[in-house]
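Below is the file protein-v7.cif, which contains mmCIF, C-alpha atoms.
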```
data_data
#
loop_
_atom_site.group_PDB
_atom_site.id
_atom_site.type_symbol
_atom_site.label_atom_id
_atom_site.label_comp_id
_atom_site.auth_asym_id
_atom_site.auth_seq_id
_atom_site.Cartn_x
_atom_site.Cartn_y
_atom_site.Cartn_z
ATOM 1 C CA MET A 1232 129.883 70.486 106.846
ATOM 2 C CA ASN A 1233 132.487 69.619 104.245
ATOM 3 C CA PRO A 1234 135.709 71.580 104.983
ATOM 4 C CA SER A 1235 136.781 71.469 101.335
ATOM 5 C CA TYR A 1236 133.484 72.963 100.102
ATOM 6 C CA SER A 1237 133.541 76.532 98.883
ATOM 7 C CA PRO A 1238 130.398 78.270 97.616
ATOM 8 C CA PRO A 1239 130.281 79.216 93.947
ATOM 9 C CA MET A 1240 131.366 82.756 93.171
ATOM 10 C CA MET A 1241 128.548 85.179 92.558
ATOM 11 C CA LYS A 1242 128.702 87.034 89.297
ATOM 12 C CA SER A 1243 128.517 90.761 89.722
ATOM 13 C CA ALA A 1244 125.208 92.094 88.501
ATOM 14 C CA THR A 1245 125.288 94.235 85.406
ATOM 15 C CA PRO A 1246 123.203 97.413 85.317
ATOM 16 C CA ALA A 1247 121.057 95.881 82.572
ATOM 17 C CA GLY A 1248 120.480 92.737 84.637
ATOM 18 C CA VAL A 1249 119.521 94.737 87.711
ATOM 19 C CA LEU A 1250 117.162 96.896 85.645
ATOM 20 C CA SER A 1251 115.536 93.816 84.103
ATOM 21 C CA ALA A 1252 115.004 92.253 87.519
ATOM 22 C CA LEU A 1253 113.487 95.461 88.850
ATOM 23 C CA LEU A 1254 111.155 95.805 85.885
ATOM 24 C CA ILE A 1255 109.988 92.210 86.240
ATOM 25 C CA SER A 1256 109.380 92.656 89.985
ATOM 26 C CA PHE A 1257 107.545 95.934 89.443
ATOM 27 C CA SER A 1258 105.389 94.464 86.663
ATOM 28 C CA ALA A 1259 104.505 91.459 88.807
ATOM 29 C CA ALA A 1260 103.539 93.733 91.695
ATOM 30 C CA LEU A 1261 101.270 95.791 89.450
ATOM 31 C CA ILE A 1262 99.574 92.741 88.036
ATOM 32 C CA SER A 1263 99.087 90.983 91.362
ATOM 33 C CA SER A 1264 97.802 93.925 93.425
ATOM 34 C CA PRO A 1265 94.442 95.555 92.787
ATOM 35 C CA VAL A 1266 94.761 99.187 91.814
ATOM 36 C CA GLN A 1267 91.944 101.550 92.705
ATOM 37 C CA ALA A 1268 91.010 103.962 89.979
ATOM 38 C CA GLN A 1269 92.503 107.393 90.625
ATOM 39 C CA SER A 1270 89.542 109.142 89.065
ATOM 40 C CA ALA A 1271 87.031 107.694 91.529
ATOM 41 C CA GLU A 1272 85.433 110.543 93.428
ATOM 42 C CA VAL A 1273 85.729 110.404 97.195
ATOM 43 C CA VAL A 1274 82.441 110.921 99.024
ATOM 44 C CA GLY A 1275 82.582 112.733 102.346
ATOM 45 C CA ASN A 1276 80.840 111.547 105.489
ATOM 46 C CA ALA A 1277 79.983 114.176 108.126
ATOM 47 C CA ASP A 1278 79.903 111.596 110.953
ATOM 48 C CA ALA A 1279 83.404 110.435 110.041
ATOM 49 C CA GLY A 1280 84.468 114.098 109.790
ATOM 50 C CA ARG A 1281 83.251 114.724 113.336
ATOM 51 C CA LYS A 1282 85.787 112.144 114.560
ATOM 52 C CA LYS A 1283 88.585 113.905 112.642
ATOM 53 C CA ALA A 1284 87.769 117.534 113.501
ATOM 54 C CA SER A 1285 89.797 117.858 116.707
ATOM 55 C CA MET A 1286 92.611 119.586 114.834
ATOM 56 C CA CYS A 1287 90.167 122.150 113.382
ATOM 57 C CA ILE A 1288 88.129 123.055 116.453
ATOM 58 C CA GLY A 1289 90.857 124.979 118.296
ATOM 59 C CA CYS A 1290 91.018 127.705 115.658
ATOM 60 C CA HIS A 1291 88.013 127.475 113.339
ATOM 61 C CA GLN A 1292 85.206 127.185 115.882
ATOM 62 C CA ILE A 1293 86.119 130.106 118.144
ATOM 63 C CA PRO A 1294 84.268 133.297 117.154
ATOM 64 C CA GLY A 1295 86.648 136.237 116.763
ATOM 65 C CA TYR A 1296 89.768 134.088 117.216
ATOM 66 C CA LYS A 1297 93.023 135.644 116.056
ATOM 67 C CA ALA A 1298 96.175 133.664 115.504
ATOM 68 C CA SER A 1299 99.639 135.133 115.808
ATOM 69 C CA PHE A 1300 101.664 132.806 113.595
ATOM 70 C CA PRO A 1301 103.153 133.704 111.200
ATOM 71 C CA SER A 1302 101.410 137.043 111.648
ATOM 72 C CA VAL A 1303 98.294 138.252 113.468
ATOM 73 C CA TYR A 1304 95.176 137.564 111.446
ATOM 74 C CA SER A 1305 91.543 136.643 112.012
ATOM 75 C CA VAL A 1306 90.870 132.934 111.671
ATOM 76 C CA PRO A 1307 87.722 132.260 109.647
ATOM 77 C CA LEU A 1308 84.842 130.255 111.028
ATOM 78 C CA ILE A 1309 84.405 127.475 108.487
ATOM 79 C CA SER A 1310 81.020 126.104 109.540
ATOM 80 C CA GLY A 1311 78.541 126.651 106.742
ATOM 81 C CA GLN A 1312 81.155 127.103 104.031
ATOM 82 C CA SER A 1313 80.625 125.177 100.834
ATOM 83 C CA SER A 1314 81.970 121.647 101.245
ATOM 84 C CA LYS A 1315 83.582 121.878 97.795
ATOM 85 C CA TYR A 1316 85.341 125.083 98.863
ATOM 86 C CA ILE A 1317 86.659 123.490 102.073
ATOM 87 C CA GLU A 1318 87.832 120.400 100.208
ATOM 88 C CA SER A 1319 89.572 122.427 97.509
ATOM 89 C CA ALA A 1320 91.182 124.747 100.089
ATOM 90 C CA LEU A 1321 92.569 121.777 102.044
ATOM 91 C CA ALA A 1322 93.877 120.228 98.824
ATOM 92 C CA ALA A 1323 95.537 123.537 97.889
ATOM 93 C CA TYR A 1324 97.255 123.723 101.296
ATOM 94 C CA LYS A 1325 98.442 120.133 100.946
ATOM 95 C CA LYS A 1326 99.753 120.765 97.427
ATOM 96 C CA GLY A 1327 101.476 123.991 98.498
ATOM 97 C CA ASP A 1328 99.327 126.354 96.441
ATOM 98 C CA ARG A 1329 98.267 128.053 99.691
ATOM 99 C CA SER A 1330 101.065 129.064 101.996
ATOM 100 C CA HIS A 1331 99.900 129.254 105.619
ATOM 101 C CA PRO A 1332 102.410 127.024 107.490
ATOM 102 C CA THR A 1333 99.999 125.638 110.103
ATOM 103 C CA MET A 1334 97.342 124.809 107.535
ATOM 104 C CA ARG A 1335 99.941 123.278 105.205
ATOM 105 C CA SER A 1336 101.040 121.023 108.040
ATOM 106 C CA VAL A 1337 97.497 120.018 108.981
ATOM 107 C CA ALA A 1338 96.389 119.458 105.385
ATOM 108 C CA GLY A 1339 99.592 117.566 104.636
ATOM 109 C CA SER A 1340 98.548 114.939 107.166
ATOM 110 C CA LEU A 1341 95.107 114.436 105.607
ATOM 111 C CA SER A 1342 94.093 111.873 103.017
ATOM 112 C CA ALA A 1343 91.592 112.722 100.282
ATOM 113 C CA GLN A 1344 88.967 110.858 102.329
ATOM 114 C CA ASP A 1345 89.811 112.892 105.450
ATOM 115 C CA MET A 1346 89.411 116.135 103.485
ATOM 116 C CA ALA A 1347 86.077 115.010 102.046
ATOM 117 C CA ASP A 1348 84.834 113.977 105.508
ATOM 118 C CA LEU A 1349 85.820 117.301 107.097
ATOM 119 C CA ALA A 1350 84.282 119.208 104.192
ATOM 120 C CA ALA A 1351 81.055 117.231 104.607
ATOM 121 C CA LEU A 1352 81.023 118.036 108.327
ATOM 122 C CA TYR A 1353 81.655 121.758 108.068
ATOM 123 C CA GLY A 1354 79.670 122.169 104.873
ATOM 124 C CA SER A 1355 76.618 120.656 106.567
ATOM 125 C CA LYS A 1356 76.490 122.995 109.555
#
```
Please, can you express the file's structure as C-alpha coordinates?
Amino acid sequence: MNPSYSPPMMKSATPAGVLSALLISFSAALISSPVQAQSAEVVGNADAGRKKASMCIGCHQIPGYKASFPSVYSVPLISGQSSKYIESALAAYKKGDRSHPTMRSVAGSLSAQDMADLAALYGSK
(Lines of atoms letter the chains of each structure in order from A and count residues from 1; the text may use other names and numbers.)
(Lines give C-alpha, C1' and ligand atoms only; values in the text may rest on other atoms or scores of the structure.)
Protein backbone atom coordinates (compact mmCIF):
# COMPACT_ATOMS: atom_id res chain seq x y z
CA MET A 1 0.00 0.00 0.00
CA ASN A 2 1.30 3.44 -0.88
CA PRO A 3 1.77 5.48 2.34
CA SER A 4 1.32 8.77 0.50
CA TYR A 5 -2.04 7.71 -1.00
CA SER A 6 -5.15 9.31 0.40
CA PRO A 7 -8.62 8.42 -0.90
CA PRO A 8 -10.56 11.14 -2.71
CA MET A 9 -12.95 13.11 -0.54
CA MET A 10 -16.56 12.11 -0.85
CA LYS A 11 -18.93 14.90 -1.72
CA SER A 12 -21.79 15.19 0.69
CA ALA A 13 -25.02 14.08 -0.90
CA THR A 14 -27.60 16.75 -1.53
CA PRO A 15 -31.24 16.03 -0.70
CA ALA A 16 -32.08 16.23 -4.41
CA GLY A 17 -29.32 13.76 -5.28
CA VAL A 18 -30.44 11.32 -2.61
CA LEU A 19 -34.06 11.61 -3.77
CA SER A 20 -33.04 11.01 -7.39
CA ALA A 21 -31.06 7.91 -6.44
CA LEU A 22 -33.97 6.57 -4.41
CA LEU A 23 -36.44 7.17 -7.22
CA ILE A 24 -34.18 5.42 -9.73
CA SER A 25 -33.70 2.44 -7.40
CA PHE A 26 -37.42 2.22 -6.67
CA SER A 27 -38.32 2.45 -10.37
CA ALA A 28 -35.81 -0.25 -11.25
CA ALA A 29 -37.21 -2.52 -8.54
CA LEU A 30 -40.75 -2.05 -9.83
CA ILE A 31 -39.76 -2.79 -13.39
CA SER A 32 -37.63 -5.82 -12.58
CA SER A 33 -39.98 -7.59 -10.15
CA PRO A 34 -43.29 -9.09 -11.22
CA VAL A 35 -46.23 -7.47 -9.50
CA GLN A 36 -49.33 -9.55 -8.90
CA ALA A 37 -52.57 -7.77 -9.63
CA GLN A 38 -54.20 -6.56 -6.43
CA SER A 39 -57.67 -7.11 -7.82
CA ALA A 40 -57.17 -10.84 -8.36
CA GLU A 41 -59.66 -12.71 -6.24
CA VAL A 42 -58.22 -15.22 -3.80
CA VAL A 43 -59.87 -18.64 -3.95
CA GLY A 44 -60.16 -20.55 -0.69
CA ASN A 45 -59.22 -24.20 -0.27
CA ALA A 46 -60.92 -26.14 2.55
CA ASP A 47 -58.08 -28.70 2.75
CA ALA A 48 -55.54 -25.91 3.19
CA GLY A 49 -57.87 -24.30 5.75
CA ARG A 50 -57.93 -27.52 7.77
CA LYS A 51 -54.15 -27.18 8.24
CA LYS A 52 -54.58 -23.58 9.46
CA ALA A 53 -57.57 -24.04 11.78
CA SER A 54 -55.72 -24.88 14.99
CA MET A 55 -56.09 -21.31 16.23
CA CYS A 56 -59.87 -21.44 15.65
CA ILE A 57 -60.74 -24.82 17.14
CA GLY A 58 -60.16 -23.91 20.79
CA CYS A 59 -63.01 -21.40 20.84
CA HIS A 60 -65.20 -21.82 17.77
CA GLN A 61 -65.73 -25.58 17.82
CA ILE A 62 -66.79 -26.01 21.45
CA PRO A 63 -70.59 -25.93 21.83
CA GLY A 64 -71.68 -23.47 24.52
CA TYR A 65 -68.16 -22.10 25.05
CA LYS A 66 -67.94 -18.78 26.85
CA ALA A 67 -64.84 -16.64 26.86
CA SER A 68 -63.98 -14.23 29.63
CA PHE A 69 -61.75 -11.74 27.83
CA PRO A 70 -62.37 -8.85 27.59
CA SER A 71 -65.78 -9.70 29.02
CA VAL A 72 -67.87 -12.87 29.36
CA TYR A 73 -69.68 -13.67 26.14
CA SER A 74 -70.78 -16.71 24.17
CA VAL A 75 -68.38 -17.64 21.39
CA PRO A 76 -70.22 -18.46 18.17
CA LEU A 77 -69.82 -21.78 16.42
CA ILE A 78 -68.69 -20.82 12.93
CA SER A 79 -69.16 -24.12 11.11
CA GLY A 80 -71.81 -23.70 8.46
CA GLN A 81 -71.57 -19.92 8.30
CA SER A 82 -71.36 -18.38 4.87
CA SER A 83 -67.75 -18.45 3.67
CA LYS A 84 -68.12 -14.86 2.42
CA TYR A 85 -69.31 -13.81 5.88
CA ILE A 86 -66.35 -15.51 7.60
CA GLU A 87 -63.89 -13.99 5.14
CA SER A 88 -65.34 -10.50 5.51
CA ALA A 89 -65.45 -10.80 9.32
CA LEU A 90 -61.78 -11.83 9.45
CA ALA A 91 -60.86 -8.96 7.13
CA ALA A 92 -62.81 -6.52 9.34
CA TYR A 93 -60.95 -7.75 12.45
CA LYS A 94 -57.62 -7.39 10.65
CA LYS A 95 -58.48 -3.89 9.45
CA GLY A 96 -59.70 -2.85 12.91
CA ASP A 97 -63.36 -2.38 11.98
CA ARG A 98 -64.25 -5.08 14.53
CA SER A 99 -62.78 -4.63 17.96
CA HIS A 100 -62.44 -7.95 19.79
CA PRO A 101 -58.75 -8.02 20.87
CA THR A 102 -58.19 -11.78 20.50
CA MET A 103 -59.81 -11.91 17.08
CA ARG A 104 -57.91 -8.80 15.97
CA SER A 105 -54.68 -10.51 16.94
CA VAL A 106 -55.56 -13.77 15.19
CA ALA A 107 -56.85 -12.07 12.04
CA GLY A 108 -53.85 -9.74 12.01
CA SER A 109 -51.60 -12.76 11.51
CA LEU A 110 -53.59 -14.07 8.54
CA SER A 111 -52.96 -13.42 4.87
CA ALA A 112 -55.84 -13.00 2.42
CA GLN A 113 -55.20 -16.59 1.31
CA ASP A 114 -55.35 -17.84 4.91
CA MET A 115 -58.69 -16.08 5.42
CA ALA A 116 -60.10 -17.53 2.20
CA ASP A 117 -58.91 -21.04 3.16
CA LEU A 118 -60.45 -20.85 6.64
CA ALA A 119 -63.68 -19.46 5.20
CA ALA A 120 -63.79 -22.32 2.69
CA LEU A 121 -63.28 -24.83 5.50
CA TYR A 122 -65.90 -23.49 7.89
CA GLY A 123 -68.30 -22.48 5.14
CA SER A 124 -68.28 -26.04 3.80
CA LYS A 125 -69.23 -27.80 7.03
Task: Picked residues, the PyMOL selection byres ((chain A and resi 1288-1300) around 12), as number ranges by chain - done: A: 1280-1287, 1301-1312, 1331-1334, 1349, 1352-1353, 1356
Quick one: residues within 12 Å of A:Ala1320, all atoms listed in the file counted, chain neighbours fewer than 6 positions away excluded, as a PDB file with C-alpha atoms, in the frame of the given file?
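So selection-v5.pdb came out as:
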```
ATOM      1  CA  ILE A1309      84.405 127.475 108.487  1.00  0.00           C
ATOM      2  CA  GLN A1312      81.155 127.103 104.031  1.00  0.00           C
ATOM      3  CA  SER A1313      80.625 125.177 100.834  1.00  0.00           C
ATOM      4  CA  SER A1314      81.970 121.647 101.245  1.00  0.00           C
ATOM      5  CA  LYS A1326      99.753 120.765  97.427  1.00  0.00           C
ATOM      6  CA  GLY A1327     101.476 123.991  98.498  1.00  0.00           C
ATOM      7  CA  ASP A1328      99.327 126.354  96.441  1.00  0.00           C
ATOM      8  CA  ARG A1329      98.267 128.053  99.691  1.00  0.00           C
ATOM      9  CA  SER A1330     101.065 129.064 101.996  1.00  0.00           C
ATOM     10  CA  HIS A1331      99.900 129.254 105.619  1.00  0.00           C
ATOM     11  CA  MET A1334      97.342 124.809 107.535  1.00  0.00           C
ATOM     12  CA  ARG A1335      99.941 123.278 105.205  1.00  0.00           C
ATOM     13  CA  VAL A1337      97.497 120.018 108.981  1.00  0.00           C
ATOM     14  CA  ALA A1338      96.389 119.458 105.385  1.00  0.00           C
ATOM     15  CA  GLY A1339      99.592 117.566 104.636  1.00  0.00           C
ATOM     16  CA  MET A1346      89.411 116.135 103.485  1.00  0.00           C
ATOM     17  CA  ALA A1347      86.077 115.010 102.046  1.00  0.00           C
ATOM     18  CA  LEU A1349      85.820 117.301 107.097  1.00  0.00           C
ATOM     19  CA  ALA A1350      84.282 119.208 104.192  1.00  0.00           C
TER      20      ALA A1350
END
```
- [ ] Select, from A:Leu1341, A:Ala1271, A:Ala1323, A:Ile1317, the residue with the minimum atom-to-atom distance to A:Gly1354, counting all atoms listed in the file.
- [x] A:Ile1317
Task: Among the residues A:Asp1345, A:Ser1340, A:Ser1355, A:Ser1319, the one that comes closest to A:Val1274 [using only C-alpha atoms] - done: A:Asp1345
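Interatomic distance, atom CA of A:Ala1351 against atom CA of A:Ala1322: 14.4 Å.
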